$ cat structure_19.tsv   # TSV, C-alpha atoms
chain	number	residue	atom	x	y	z
C	1	MET	CA	0.00	0.00	0.00
C	2	ASN	CA	1.21	3.49	-0.79
C	3	ALA	CA	2.72	5.04	2.35
C	4	LYS	CA	0.45	8.04	1.95
C	5	PHE	CA	-2.48	5.94	3.15
C	6	VAL	CA	-0.95	3.76	5.88
C	7	TYR	CA	-2.18	6.04	8.68
C	8	MET	CA	-5.76	5.44	7.53
C	9	SER	CA	-5.50	1.67	7.14
C	10	PHE	CA	-7.44	0.85	10.31
C	11	ILE	CA	-10.60	2.47	8.95
C	12	HIS	CA	-12.86	0.11	7.05
C	13	ARG	CA	-15.60	1.80	5.06
C	14	ASP	CA	-18.98	0.17	4.61
C	15	ILE	CA	-18.68	0.48	0.84
C	16	GLU	CA	-15.57	-1.71	0.53
C	17	PRO	CA	-17.46	-4.98	-0.23
C	18	LEU	CA	-19.42	-3.19	-2.97
C	19	VAL	CA	-16.22	-1.80	-4.50
C	20	LEU	CA	-14.72	-5.29	-4.57
C	21	THR	CA	-17.88	-6.78	-6.10
C	22	TYR	CA	-17.95	-4.21	-8.90
C	23	SER	CA	-14.27	-4.78	-9.65
C	24	ARG	CA	-15.11	-8.43	-10.35
C	25	GLN	CA	-17.88	-7.52	-12.78
C	26	PHE	CA	-16.12	-4.90	-14.94
C	27	ARG	CA	-12.71	-4.49	-16.52
C	28	ALA	CA	-12.37	-1.09	-14.86
C	29	LEU	CA	-13.98	0.63	-11.90
C	30	ALA	CA	-14.67	4.30	-11.20
C	31	VAL	CA	-15.06	5.47	-7.59
C	32	VAL	CA	-16.33	9.05	-7.48
C	33	GLY	CA	-17.44	11.39	-4.74
C	34	PRO	CA	-16.71	14.71	-3.05
C	35	ARG	CA	-13.17	15.89	-2.47
C	36	GLN	CA	-11.75	14.43	0.77
C	37	SER	CA	-14.49	11.78	1.10
C	38	GLY	CA	-11.89	9.00	1.31
C	39	LYS	CA	-11.86	7.66	-2.27
C	40	SER	CA	-8.09	7.24	-2.49
C	41	THR	CA	-7.97	5.52	0.89
C	42	VAL	CA	-10.71	3.05	0.03
C	43	VAL	CA	-9.28	1.98	-3.32
C	44	CYS	CA	-5.73	1.73	-1.94
C	45	GLN	CA	-7.00	-0.49	0.88
C	46	VAL	CA	-9.15	-2.71	-1.33
C	47	PHE	CA	-6.54	-2.90	-4.12
C	48	ALA	CA	-3.39	-2.83	-2.00
C	49	GLY	CA	-1.43	-4.81	-4.60
C	50	LYS	CA	-1.96	-2.34	-7.43
C	51	PRO	CA	0.45	0.52	-8.17
C	52	TYR	CA	-0.94	3.97	-7.36
C	53	VAL	CA	-0.60	7.16	-9.38
C	54	SER	CA	-2.25	10.53	-8.79
C	55	LEU	CA	-2.97	12.91	-11.64
C	56	GLU	CA	-2.90	15.77	-9.15
C	57	ASN	CA	0.85	15.32	-9.56
C	58	SER	CA	1.58	17.76	-12.39
C	59	ASP	CA	4.31	15.58	-13.95
C	60	GLU	CA	2.06	12.51	-14.04
C	61	CYS	CA	-0.83	14.54	-15.43
C	62	LEU	CA	1.37	16.04	-18.16
C	63	LEU	CA	2.59	12.59	-19.23
C	64	ALA	CA	-0.97	11.20	-19.25
C	65	GLU	CA	-2.15	14.08	-21.44
C	66	THR	CA	0.81	14.36	-23.84
C	67	ASP	CA	1.89	10.71	-24.15
C	68	PRO	CA	-0.95	8.45	-22.95
C	69	TRP	CA	0.62	5.26	-24.33
C	70	ALA	CA	3.84	5.87	-22.39
C	71	PHE	CA	1.79	6.56	-19.27
C	72	LEU	CA	-0.26	3.37	-19.56
C	73	ALA	CA	2.70	1.20	-20.65
C	74	ARG	CA	4.05	1.40	-17.08
C	75	PHE	CA	0.97	-0.44	-15.76
C	76	THR	CA	0.76	-3.70	-17.67
C	77	HIS	CA	-1.08	-5.30	-14.75
C	78	GLY	CA	-3.32	-2.32	-14.08
C	79	ALA	CA	-3.22	0.49	-11.53
C	80	VAL	CA	-5.16	2.86	-9.32
C	81	ILE	CA	-5.38	6.21	-11.14
C	82	ASP	CA	-6.41	8.96	-8.74
C	83	GLU	CA	-8.27	12.10	-9.96
C	84	ALA	CA	-8.47	10.57	-13.44
C	85	GLN	CA	-10.69	13.34	-14.84
C	86	ARG	CA	-7.68	15.67	-14.89
C	87	ALA	CA	-6.41	13.90	-18.05
C	88	PRO	CA	-9.49	13.54	-20.30
C	89	LEU	CA	-7.41	12.41	-23.31
C	90	LEU	CA	-6.38	9.33	-21.36
C	91	PHE	CA	-9.82	7.73	-21.58
C	92	SER	CA	-9.83	6.94	-25.29
C	93	TYR	CA	-6.47	5.19	-24.96
C	94	LEU	CA	-7.65	3.36	-21.87
C	95	GLN	CA	-10.59	2.11	-23.91
C	96	GLN	CA	-8.27	0.24	-26.26
C	97	VAL	CA	-6.34	-1.30	-23.36
C	98	LEU	CA	-9.58	-2.57	-21.81
C	99	ASP	CA	-10.82	-3.91	-25.15
C	100	GLU	CA	-7.67	-6.01	-25.46
C	101	THR	CA	-7.94	-7.63	-22.03
C	102	SER	CA	-10.31	-10.11	-20.42
C	103	GLU	CA	-9.10	-9.29	-16.90
C	104	ASP	CA	-11.66	-7.72	-14.58
C	105	GLY	CA	-10.75	-4.88	-12.23
C	106	LEU	CA	-7.63	-4.00	-14.22
C	107	PHE	CA	-7.80	-0.24	-13.69
C	108	VAL	CA	-9.43	1.59	-10.80
C	109	LEU	CA	-10.17	5.28	-11.36
C	110	THR	CA	-11.19	7.87	-8.81
C	111	GLY	CA	-12.51	11.39	-9.28
C	112	SER	CA	-14.02	14.21	-7.27
C	113	ASN	CA	-15.80	15.55	-10.33
C	114	ASN	CA	-18.77	13.46	-11.40
C	115	PHE	CA	-19.57	15.51	-14.50
C	116	LEU	CA	-16.22	15.30	-16.29
C	117	LEU	CA	-15.53	11.71	-15.32
C	118	GLN	CA	-19.00	10.55	-16.31
C	119	GLU	CA	-18.85	12.45	-19.60
C	120	ASN	CA	-15.60	10.78	-20.59
C	121	ILE	CA	-16.83	7.37	-19.47
C	122	SER	CA	-20.05	7.70	-21.46
C	123	GLN	CA	-18.10	8.54	-24.60
C	124	THR	CA	-15.36	5.93	-24.41
C	125	LEU	CA	-15.76	3.38	-21.62
C	126	ALA	CA	-19.47	2.53	-21.64
C	127	GLY	CA	-20.00	-1.14	-20.79
C	128	ARG	CA	-16.40	-1.55	-19.72
C	129	ILE	CA	-16.51	0.21	-16.36
C	130	GLY	CA	-18.47	-0.01	-13.11
C	131	TYR	CA	-19.45	3.15	-11.29
C	132	VAL	CA	-19.58	3.65	-7.48
C	133	ASP	CA	-20.39	6.80	-5.47
C	134	LEU	CA	-18.48	7.32	-2.23
C	135	TYR	CA	-19.88	9.90	0.17
C	136	PRO	CA	-18.31	11.12	3.44
C	137	LEU	CA	-18.62	8.96	6.57
C	138	CYS	CA	-21.99	7.66	7.67
C	139	TYR	CA	-22.84	7.56	11.38
C	140	TYR	CA	-21.85	3.89	11.82
C	141	GLU	CA	-18.43	4.66	10.37
C	142	ILE	CA	-18.05	7.66	12.67
C	143	CYS	CA	-18.77	5.31	15.58
C	144	HIS	CA	-15.48	3.56	14.78
C	145	PHE	CA	-13.78	6.65	16.21
C	146	GLY	CA	-15.55	6.26	19.56
C	147	ARG	CA	-17.92	9.16	18.90
C	148	THR	CA	-21.09	7.33	19.96
C	149	ALA	CA	-21.53	9.66	22.96
C	150	TRP	CA	-21.59	12.79	20.80
C	151	ASP	CA	-24.98	14.44	20.67
C	152	THR	CA	-26.76	15.05	17.40
C	153	GLY	CA	-25.94	18.76	17.32
C	154	GLU	CA	-22.23	18.09	17.50
C	155	LEU	CA	-22.42	15.51	14.71
C	156	ILE	CA	-24.33	17.94	12.49
C	157	PHE	CA	-21.90	20.79	13.18
C	158	ARG	CA	-18.76	18.70	12.69
C	159	GLY	CA	-19.98	17.03	9.51
C	160	CYS	CA	-18.73	13.75	8.11
C	161	TYR	CA	-15.44	14.18	6.27
C	162	PRO	CA	-12.94	11.51	7.42
C	163	GLU	CA	-10.05	13.87	8.17
C	164	LEU	CA	-12.09	15.74	10.77
C	165	TYR	CA	-12.24	12.55	12.83
C	166	GLN	CA	-8.97	10.97	11.77
C	167	LYS	CA	-6.87	13.95	12.81
C	168	ASN	CA	-9.37	15.69	15.09
C	169	ARG	CA	-9.47	18.81	12.92
C	170	GLU	CA	-11.24	21.95	14.09
C	171	PRO	CA	-14.30	22.46	11.81
C	172	GLY	CA	-14.12	26.26	12.05
C	173	ILE	CA	-10.63	26.14	10.52
C	174	TRP	CA	-10.91	23.12	8.24
C	175	TYR	CA	-14.09	23.98	6.32
C	176	PRO	CA	-13.09	27.49	5.12
C	177	SER	CA	-9.92	25.95	3.70
C	178	TYR	CA	-11.95	23.18	2.07
C	179	ILE	CA	-14.28	25.73	0.46
C	180	ARG	CA	-11.37	27.78	-0.85
C	181	THR	CA	-9.65	24.71	-2.31
C	182	TYR	CA	-12.90	23.56	-3.89
C	183	VAL	CA	-13.62	26.92	-5.55
C	184	GLU	CA	-10.05	27.53	-6.72
C	185	ARG	CA	-9.40	24.02	-8.04
C	186	ASP	CA	-12.47	21.90	-8.71
C	187	VAL	CA	-14.81	24.65	-9.88
C	188	LYS	CA	-12.27	26.04	-12.33
C	189	LEU	CA	-11.68	22.54	-13.68
C	190	ILE	CA	-15.38	22.06	-14.42
C	191	ARG	CA	-16.21	25.54	-15.66
C	192	ASN	CA	-14.08	28.64	-16.09
C	193	ILE	CA	-15.76	30.88	-13.52
C	194	GLU	CA	-13.76	34.10	-13.32
C	195	ASN	CA	-15.82	35.87	-10.65
C	196	THR	CA	-15.13	33.59	-7.69
C	197	LEU	CA	-16.51	36.15	-5.23
C	198	LEU	CA	-19.88	36.00	-6.97
C	199	PHE	CA	-19.75	32.20	-7.06
C	200	ASN	CA	-19.01	32.16	-3.32
C	201	ARG	CA	-22.08	34.34	-2.79
C	202	PHE	CA	-24.13	31.90	-4.85
C	203	LEU	CA	-22.81	29.03	-2.73
C	204	LYS	CA	-23.74	30.77	0.53
C	205	LEU	CA	-27.19	31.66	-0.76
C	206	CYS	CA	-27.71	27.98	-1.61
C	207	ALA	CA	-26.84	27.13	2.00
C	208	GLY	CA	-29.51	29.58	3.13
C	209	ARG	CA	-32.06	27.45	1.25
C	210	ILE	CA	-31.12	24.14	2.83
C	211	ALA	CA	-34.00	21.63	2.94
C	212	GLN	CA	-36.20	24.08	1.01
C	213	GLN	CA	-37.80	23.89	-2.39
C	214	LEU	CA	-35.46	25.39	-4.95
C	215	ASN	CA	-36.57	28.62	-6.61
C	216	ILE	CA	-33.83	29.13	-9.16
C	217	SER	CA	-35.13	32.51	-10.40
C	218	THR	CA	-35.06	34.01	-6.90
C	219	LEU	CA	-31.63	32.52	-6.28
C	220	ALA	CA	-30.32	34.07	-9.50
C	221	LEU	CA	-31.83	37.45	-8.66
C	222	GLU	CA	-30.32	37.55	-5.16
C	223	THR	CA	-26.92	36.50	-6.49
C	224	GLY	CA	-26.98	39.08	-9.27
C	225	ILE	CA	-26.71	36.63	-12.18
C	226	ASP	CA	-29.05	35.49	-14.95
C	227	MET	CA	-31.05	32.25	-14.87
C	228	ARG	CA	-28.78	30.51	-17.37
C	229	THR	CA	-25.71	31.17	-15.21
C	230	ALA	CA	-27.55	30.10	-12.06
C	231	ASN	CA	-28.52	26.77	-13.63
C	232	ALA	CA	-24.96	26.26	-14.87
C	233	TRP	CA	-23.49	26.98	-11.44
C	234	LEU	CA	-26.01	24.70	-9.77
C	235	SER	CA	-24.94	21.88	-12.10
C	236	VAL	CA	-21.35	22.53	-11.01
C	237	LEU	CA	-22.35	22.10	-7.35
C	238	GLN	CA	-24.20	18.90	-8.17
C	239	SER	CA	-21.48	17.38	-10.31
C	240	SER	CA	-18.85	18.01	-7.63
C	241	TYR	CA	-21.04	16.52	-4.88
C	242	ILE	CA	-21.54	19.73	-2.93
C	243	VAL	CA	-25.32	19.84	-3.20
C	244	TYR	CA	-27.96	17.16	-3.65
C	245	LEU	CA	-31.34	17.86	-5.24
C	246	LEU	CA	-34.20	15.69	-3.98
C	247	PRO	CA	-36.86	15.38	-6.67
C	248	PRO	CA	-40.58	15.37	-5.91
C	249	HIS	CA	-42.70	12.27	-6.41
C	250	HIS	CA	-45.30	13.01	-9.07
C	251	LYS	CA	-48.04	10.43	-8.46
C	252	ASN	CA	-50.68	12.62	-7.02
C	253	PHE	CA	-53.53	10.66	-5.42
C	254	ASN	CA	-55.95	13.17	-7.01
C	255	LYS	CA	-54.07	16.14	-5.50
C	256	ARG	CA	-52.16	18.95	-7.20
C	257	LEU	CA	-48.46	18.45	-6.52
C	258	VAL	CA	-45.42	20.66	-6.28
C	259	LYS	CA	-42.85	19.70	-8.95
C	260	THR	CA	-39.81	21.60	-7.62
C	261	PRO	CA	-36.80	19.75	-6.14
C	262	LYS	CA	-35.57	20.40	-2.61
C	263	LEU	CA	-32.00	21.54	-2.02
C	264	TYR	CA	-29.68	19.72	0.39
C	265	PHE	CA	-25.93	19.70	1.02
C	266	THR	CA	-23.88	16.52	0.90
C	267	ASP	CA	-22.34	17.51	4.24
C	268	THR	CA	-23.94	19.47	7.08
C	269	GLY	CA	-20.58	20.65	8.46
C	270	LEU	CA	-19.90	22.35	5.14
C	271	ALA	CA	-23.40	23.86	5.18
C	272	CYS	CA	-22.81	25.21	8.71
C	273	ALA	CA	-19.58	26.86	7.59
C	274	LEU	CA	-21.34	28.51	4.64
C	275	LEU	CA	-24.11	29.71	6.95
C	276	GLY	CA	-21.53	31.38	9.18
C	277	ILE	CA	-22.10	28.96	12.07
C	278	ARG	CA	-18.73	28.75	13.82
C	279	GLN	CA	-19.62	26.85	17.00
C	280	GLN	CA	-22.01	24.08	17.91
C	281	THR	CA	-23.81	26.38	20.37
C	282	GLU	CA	-24.63	28.69	17.46
C	283	MET	CA	-26.11	25.80	15.52
C	284	GLU	CA	-28.30	24.78	18.46
C	285	VAL	CA	-30.05	28.17	18.50
C	286	SER	CA	-30.03	28.76	14.74
C	287	HIS	CA	-33.32	28.86	12.87
C	288	PHE	CA	-31.61	26.46	10.44
C	289	ARG	CA	-31.40	23.81	13.17
C	290	GLY	CA	-34.37	21.74	11.99
C	291	ALA	CA	-33.35	22.02	8.33
C	292	LEU	CA	-29.80	20.89	9.13
C	293	PHE	CA	-31.15	17.88	11.03
C	294	GLU	CA	-33.39	16.96	8.10
C	295	ASN	CA	-30.38	17.32	5.79
C	296	TYR	CA	-28.22	15.11	8.04
C	297	ILE	CA	-30.78	12.29	8.20
C	298	LEU	CA	-31.55	12.43	4.48
C	299	MET	CA	-27.85	12.10	3.66
C	300	GLU	CA	-27.54	9.29	6.20
C	301	CYS	CA	-30.25	7.43	4.30
C	302	LEU	CA	-28.54	8.13	0.98
C	303	LYS	CA	-25.13	6.98	2.24
C	304	ARG	CA	-26.47	3.73	3.68
C	305	HIS	CA	-28.26	2.86	0.46
C	306	SER	CA	-25.33	3.89	-1.73
C	307	ASN	CA	-22.86	1.88	0.34
C	308	ALA	CA	-25.08	-1.19	0.05
C	309	GLY	CA	-25.43	-0.82	-3.72
C	310	SER	CA	-29.16	-0.16	-3.45
C	311	GLN	CA	-30.94	1.08	-6.56
C	312	ALA	CA	-33.83	2.62	-4.59
C	313	GLY	CA	-35.10	6.02	-5.72
C	314	PHE	CA	-35.33	8.93	-3.28
C	315	TYR	CA	-38.14	11.50	-3.42
C	316	TYR	CA	-40.20	13.85	-1.30
C	317	TRP	CA	-43.94	14.44	-1.57
C	318	ARG	CA	-45.84	17.67	-1.13
C	319	ASP	CA	-49.23	18.84	-2.33
C	320	SER	CA	-50.38	22.37	-3.07
C	321	ASN	CA	-51.81	22.69	0.45
C	322	GLY	CA	-48.39	22.22	2.06
C	323	LEU	CA	-48.86	18.62	3.19
C	324	GLU	CA	-45.37	17.09	2.95
C	325	VAL	CA	-43.55	13.85	3.61
C	326	ASP	CA	-39.80	14.44	3.95
C	327	LEU	CA	-38.62	11.29	2.22
C	328	LEU	CA	-40.13	8.54	0.07
C	329	ILE	CA	-37.90	5.59	-0.73
C	330	ASP	CA	-38.99	3.79	-3.89
C	331	LYS	CA	-37.91	0.18	-3.60
C	332	GLY	CA	-39.14	-1.00	-6.96
C	333	GLY	CA	-42.83	-0.24	-6.93
C	334	SER	CA	-43.41	0.17	-3.21
C	335	LEU	CA	-42.94	3.52	-1.49
C	336	TYR	CA	-41.61	3.68	2.06
C	337	PRO	CA	-42.41	7.06	3.71
C	338	ILE	CA	-40.13	8.64	6.33
C	339	GLU	CA	-40.84	11.77	8.36
C	340	ILE	CA	-37.83	13.52	9.94
C	341	LYS	CA	-38.16	15.66	13.08
C	342	MET	CA	-35.41	16.99	15.36
C	343	ALA	CA	-37.71	16.91	18.41
C	344	GLN	CA	-36.56	14.89	21.41
C	345	THR	CA	-40.06	14.55	22.84
C	346	TYR	CA	-42.69	12.50	21.03
C	347	THR	CA	-46.09	14.11	20.46
C	348	GLU	CA	-48.97	13.11	18.21
C	349	GLU	CA	-48.44	16.37	16.31
C	350	LEU	CA	-45.25	14.91	14.81
C	351	MET	CA	-47.33	12.19	13.15
C	352	LYS	CA	-49.85	14.29	11.26
C	353	PRO	CA	-48.10	14.66	7.86
C	354	LEU	CA	-47.07	11.01	7.73
C	355	ALA	CA	-50.42	9.66	8.92
C	356	ARG	CA	-52.29	11.83	6.43
C	357	TRP	CA	-50.10	10.75	3.52
C	358	MET	CA	-50.45	7.07	4.46
C	359	HIS	CA	-54.21	7.51	4.47
C	360	LEU	CA	-54.19	9.11	1.01
C	361	SER	CA	-51.77	6.62	-0.54
C	362	GLY	CA	-52.95	3.45	1.16
C	363	THR	CA	-49.46	2.76	2.50
C	364	THR	CA	-49.51	0.53	5.60
C	365	ILE	CA	-45.97	1.07	6.92
C	366	GLY	CA	-43.73	4.08	7.51
C	367	SER	CA	-41.27	5.62	9.97
C	368	LEU	CA	-40.81	8.73	12.06
C	369	TYR	CA	-37.10	9.38	12.67
C	370	TYR	CA	-36.52	11.79	15.52
C	371	ASP	CA	-33.95	12.59	18.23
C	372	GLY	CA	-35.87	11.19	21.18
C	373	ARG	CA	-35.32	8.00	23.15
C	374	GLN	CA	-38.83	6.54	22.97
C	375	GLN	CA	-39.17	3.79	20.35
C	376	PHE	CA	-42.35	1.92	19.53
C	377	LEU	CA	-44.65	0.76	16.74
C	378	LYS	CA	-48.00	2.51	16.52
C	379	SER	CA	-51.22	0.71	15.65
C	380	ASN	CA	-51.38	2.38	12.22
C	381	GLY	CA	-48.08	0.81	11.20
C	382	ILE	CA	-45.84	3.83	11.81
C	383	GLU	CA	-42.52	3.07	13.50
C	384	VAL	CA	-41.29	5.77	15.89
C	385	VAL	CA	-37.53	5.41	16.30
C	386	ASN	CA	-34.44	7.34	17.30
C	387	TRP	CA	-32.53	8.01	14.09
C	388	ARG	CA	-29.39	6.26	15.38
C	389	GLU	CA	-31.31	3.01	15.65
C	390	ALA	CA	-33.12	3.37	12.32
C	391	GLY	CA	-32.92	0.82	9.56
C	392	PHE	CA	-33.19	3.55	6.89
C	393	ALA	CA	-35.54	1.30	4.90
C	394	LEU	CA	-32.75	-0.89	3.58

$ encode --input "structure_19.tsv" --output "structure tokens"
Amino acid sequence: MNAKFVYMSFIHRDIEPLVLTYSRQFRALAVVGPRQSGKSTVVCQVFAGKPYVSLENSDECLLAETDPWAFLARFTHGAVIDEAQRAPLLFSYLQQVLDETSEDGLFVLTGSNNFLLQENISQTLAGRIGYVDLYPLCYYEICHFGRTAWDTGELIFRGCYPELYQKNREPGIWYPSYIRTYVERDVKLIRNIENTLLFNRFLKLCAGRIAQQLNISTLALETGIDMRTANAWLSVLQSSYIVYLLPPHHKNFNKRLVKTPKLYFTDTGLACALLGIRQQTEMEVSHFRGALFENYILMECLKRHSNAGSQAGFYYWRDSNGLEVDLLIDKGGSLYPIEIKMAQTYTEELMKPLARWMHLSGTTIGSLYYDGRQQFLKSNGIEVVNWREAGFAL
């Protein structure tokens, strides 16, 4: 294993079995996700016998771009190629190598830019490569660091990037640096945005809409850009795993439905930093507290399903009267509804949206995830459970 990753070798991510499975089904594998989510560490642990090369190294990137055959000739038995999207010309040459081999899992690629990597794969490597998303740590993985006693507010404020736990980084220092690196490196790689100050404003305004329906025209107006630019910048945030858009479910049960996606951030610690929340105590009294909790639990659901290789679809449901269910998980024809509340005390009031939706849809099971200790199954089939003990409808 490359010495760069030895210090992280004791961490085993939940996604590792899925990565290994995909490597046995395709001649190449792409592991993509946000910057600093642990992609390099995972692939170097799972494929410890393969040579490792990073295209963030300018010399390696130059060779891959100017002489792809010479670059690939060094790896006759395959390799881990980190940040592969930095050398887009490499993919067409890699295609020929993969076409001439019958060996599965020959090359393993990683990238923190979904858009560029996916675009190149779709043009040259379709059918030859498996594709896995790696998000920051889920709660179970954080528990490996002995953080089970941390309260929910602290988990939300700290976020889920591995380095924060691995090296006990201070979120108030780490996240501003992360944001600067992201804007100055990843954003410019995807799209040549000259006005980084305006883009930073756009990013912060997105954070101010966390767990809300996205009104792109208002967002553009407040940023001071046109709609076309706003949509382009939003696609940048999506493709680099900064934001996640939750689509609405359109089957209406004879009700008019909202058809606007809701905006979430891949990491709540990053969202807190963009909102100007510098301490956990500030988060606890912030009017964004409930939205951040909803964001945290939604991403926990997404991570668990992604790590397990689940193909379930994620949606929310809301009618024109404001009746809303936070999350619907489509498991191939059946919808599992989940309501998310940060309350620590159970009251019947928490049940109203979920109970009403179950009545309209005819669904007989569902869950309320909250921060309280009481756990029980109600007579109408709704499970009330502390989010840490939830099954997340897997």

$ closest_atom_pairs --input "structure_19.tsv" --of "region 276-387 of chain C" --to "region 156-166 of chain C" --cutoff "9 Å" --atoms "all atoms listed in the file" --output "tab-separated table"
residue	atom	partner	partner_atom	distance
C:Ile277	CA	C:Phe157	CA	8.2
C:Arg278	CA	C:Phe157	CA	8.6
C:Gln279	CA	C:Phe157	CA	7.5
C:Gln280	CA	C:Phe157	CA	5.8
C:Met283	CA	C:Phe157	CA	6.9
C:Leu292	CA	C:Ile156	CA	7.1
C:Phe293	CA	C:Ile156	CA	7.0
C:Tyr296	CA	C:Ile156	CA	6.6

$ atom_distance --input "structure_19.tsv" --atom1 "CA of Ala230 (chain C)" --atom2 "CA of Arg185 (chain C)"
19.6 Å

$ closest_residue --input "structure_19.tsv" --among "C:Leu134, C:Ala70, C:Leu189, C:Ala84" --to "Leu18 (chain C)" --atoms "all atoms listed in the file"
C:Leu134

$ axis_aligned_box --input "structure_19.tsv" --around "region 374-392 of chain C" --padding-each-side "5 Å" --output "AutoDock Vina command-line options"
--center_x -40.4 --center_y 4.4 --center_z 14.9 --size_x 32.0 --size_y 17.3 --size_z 26.1

$ residues_around --input "structure_19.tsv" --residues "region 302-308 of chain C" --least-positions-apart "5" --cutoff "10 Å" --atoms "all atoms listed in the file" --output "count of residues only"
26

$ residues_around --input "structure_19.tsv" --residues "Asn200 (chain C)" --least-positions-apart "3" --cutoff "10 Å" --atoms "all atoms listed in the file" --output "list in words"
Ile179, Arg180, Val183, Asn195, Thr196, Leu197, Leu203, Lys204, Leu205, Cys206, Thr223 and Leu274 of chain C

$ closest_residue --input "structure_19.tsv" --among "C:Ala64, C:Leu354, C:Leu98, C:Ser58" --to "His77 (chain C)" --atoms "all atoms listed in the file"
C:Leu98

$ residues_around --input "structure_19.tsv" --residues "Asn231 (chain C)" --least-positions-apart "2" --cutoff "12 Å" --atoms "all atoms listed in the file" --output "list of chain:residue names"
C:Phe202, C:Leu214, C:Asn215, C:Ile216, C:Ser217, C:Thr218, C:Leu219, C:Ala220, C:Ile225, C:Asp226, C:Met227, C:Arg228, C:Thr229, C:Trp233, C:Leu234, C:Ser235, C:Val236, C:Leu237, C:Gln238

$ residues_around --input "structure_19.tsv" --residues "Arg86 (chain C)" --least-positions-apart "2" --cutoff "9 Å" --atoms "only C-alpha atoms" --output "JSON, numbers by chain"
{"C": [55, 56, 61, 65, 83, 84, 88, 111, 116, 117, 189]}

$ residues_near_point --input "structure_19.tsv" --point "(-27.9, 26.7, 12.8)" --cutoff "12 Å" --atoms "all atoms listed in the file" --output "mmCIF file with C-alpha atoms, in the frame of the given file"
data_model
loop_
_atom_site.group_PDB
_atom_site.id
_atom_site.type_symbol
_atom_site.label_atom_id
_atom_site.label_comp_id
_atom_site.auth_asym_id
_atom_site.auth_seq_id
_atom_site.Cartn_x
_atom_site.Cartn_y
_atom_site.Cartn_z
ATOM 1 C CA GLY C 153 -25.940 18.760 17.320
ATOM 2 C CA GLU C 154 -22.230 18.090 17.500
ATOM 3 C CA ILE C 156 -24.330 17.940 12.490
ATOM 4 C CA PHE C 157 -21.900 20.790 13.180
ATOM 5 C CA ALA C 207 -26.840 27.130 2.000
ATOM 6 C CA GLY C 208 -29.510 29.580 3.130
ATOM 7 C CA ILE C 210 -31.120 24.140 2.830
ATOM 8 C CA THR C 268 -23.940 19.470 7.080
ATOM 9 C CA GLY C 269 -20.580 20.650 8.460
ATOM 10 C CA LEU C 270 -19.900 22.350 5.140
ATOM 11 C CA ALA C 271 -23.400 23.860 5.180
ATOM 12 C CA CYS C 272 -22.810 25.210 8.710
ATOM 13 C CA ALA C 273 -19.580 26.860 7.590
ATOM 14 C CA LEU C 274 -21.340 28.510 4.640
ATOM 15 C CA LEU C 275 -24.110 29.710 6.950
ATOM 16 C CA GLY C 276 -21.530 31.380 9.180
ATOM 17 C CA ILE C 277 -22.100 28.960 12.070
ATOM 18 C CA ARG C 278 -18.730 28.750 13.820
ATOM 19 C CA GLN C 279 -19.620 26.850 17.000
ATOM 20 C CA GLN C 280 -22.010 24.080 17.910
ATOM 21 C CA THR C 281 -23.810 26.380 20.370
ATOM 22 C CA GLU C 282 -24.630 28.690 17.460
ATOM 23 C CA MET C 283 -26.110 25.800 15.520
ATOM 24 C CA GLU C 284 -28.300 24.780 18.460
ATOM 25 C CA VAL C 285 -30.050 28.170 18.500
ATOM 26 C CA SER C 286 -30.030 28.760 14.740
ATOM 27 C CA HIS C 287 -33.320 28.860 12.870
ATOM 28 C CA PHE C 288 -31.610 26.460 10.440
ATOM 29 C CA ARG C 289 -31.400 23.810 13.170
ATOM 30 C CA GLY C 290 -34.370 21.740 11.990
ATOM 31 C CA ALA C 291 -33.350 22.020 8.330
ATOM 32 C CA LEU C 292 -29.800 20.890 9.130
ATOM 33 C CA PHE C 293 -31.150 17.880 11.030
ATOM 34 C CA ASN C 295 -30.380 17.320 5.790
#

$ closest_residue --input "structure_19.tsv" --among "C:Gln36, C:Ser122, C:Ser361, C:Gln344" --to "Thr181 (chain C)" --atoms "all atoms listed in the file"
C:Gln36

$ build_atoms --input "structure_19.tsv" --residues "region 228-234 of chain C" --atoms "N, CA and C atoms" --output "short mmCIF file (atom, residue, chain, number, x, y, z; two decimals), in the frame of the given file"
data_model
loop_
_atom_site.label_atom_id
_atom_site.label_comp_id
_atom_site.auth_asym_id
_atom_site.auth_seq_id
_atom_site.Cartn_x
_atom_site.Cartn_y
_atom_site.Cartn_z
N ARG C 228 -29.64 31.48 -16.69
CA ARG C 228 -28.78 30.51 -17.37
C ARG C 228 -27.51 30.25 -16.55
N THR C 229 -26.93 31.32 -16.04
CA THR C 229 -25.71 31.17 -15.21
C THR C 229 -26.03 30.43 -13.92
N ALA C 230 -27.16 30.77 -13.31
CA ALA C 230 -27.55 30.10 -12.06
C ALA C 230 -27.71 28.61 -12.26
N ASN C 231 -28.35 28.21 -13.35
CA ASN C 231 -28.52 26.77 -13.63
C ASN C 231 -27.18 26.10 -13.89
N ALA C 232 -26.29 26.81 -14.59
CA ALA C 232 -24.96 26.26 -14.87
C ALA C 232 -24.17 26.08 -13.58
N TRP C 233 -24.23 27.07 -12.70
CA TRP C 233 -23.49 26.98 -11.44
C TRP C 233 -24.08 25.90 -10.53
N LEU C 234 -25.39 25.75 -10.57
CA LEU C 234 -26.01 24.70 -9.77
C LEU C 234 -25.56 23.32 -10.25
#
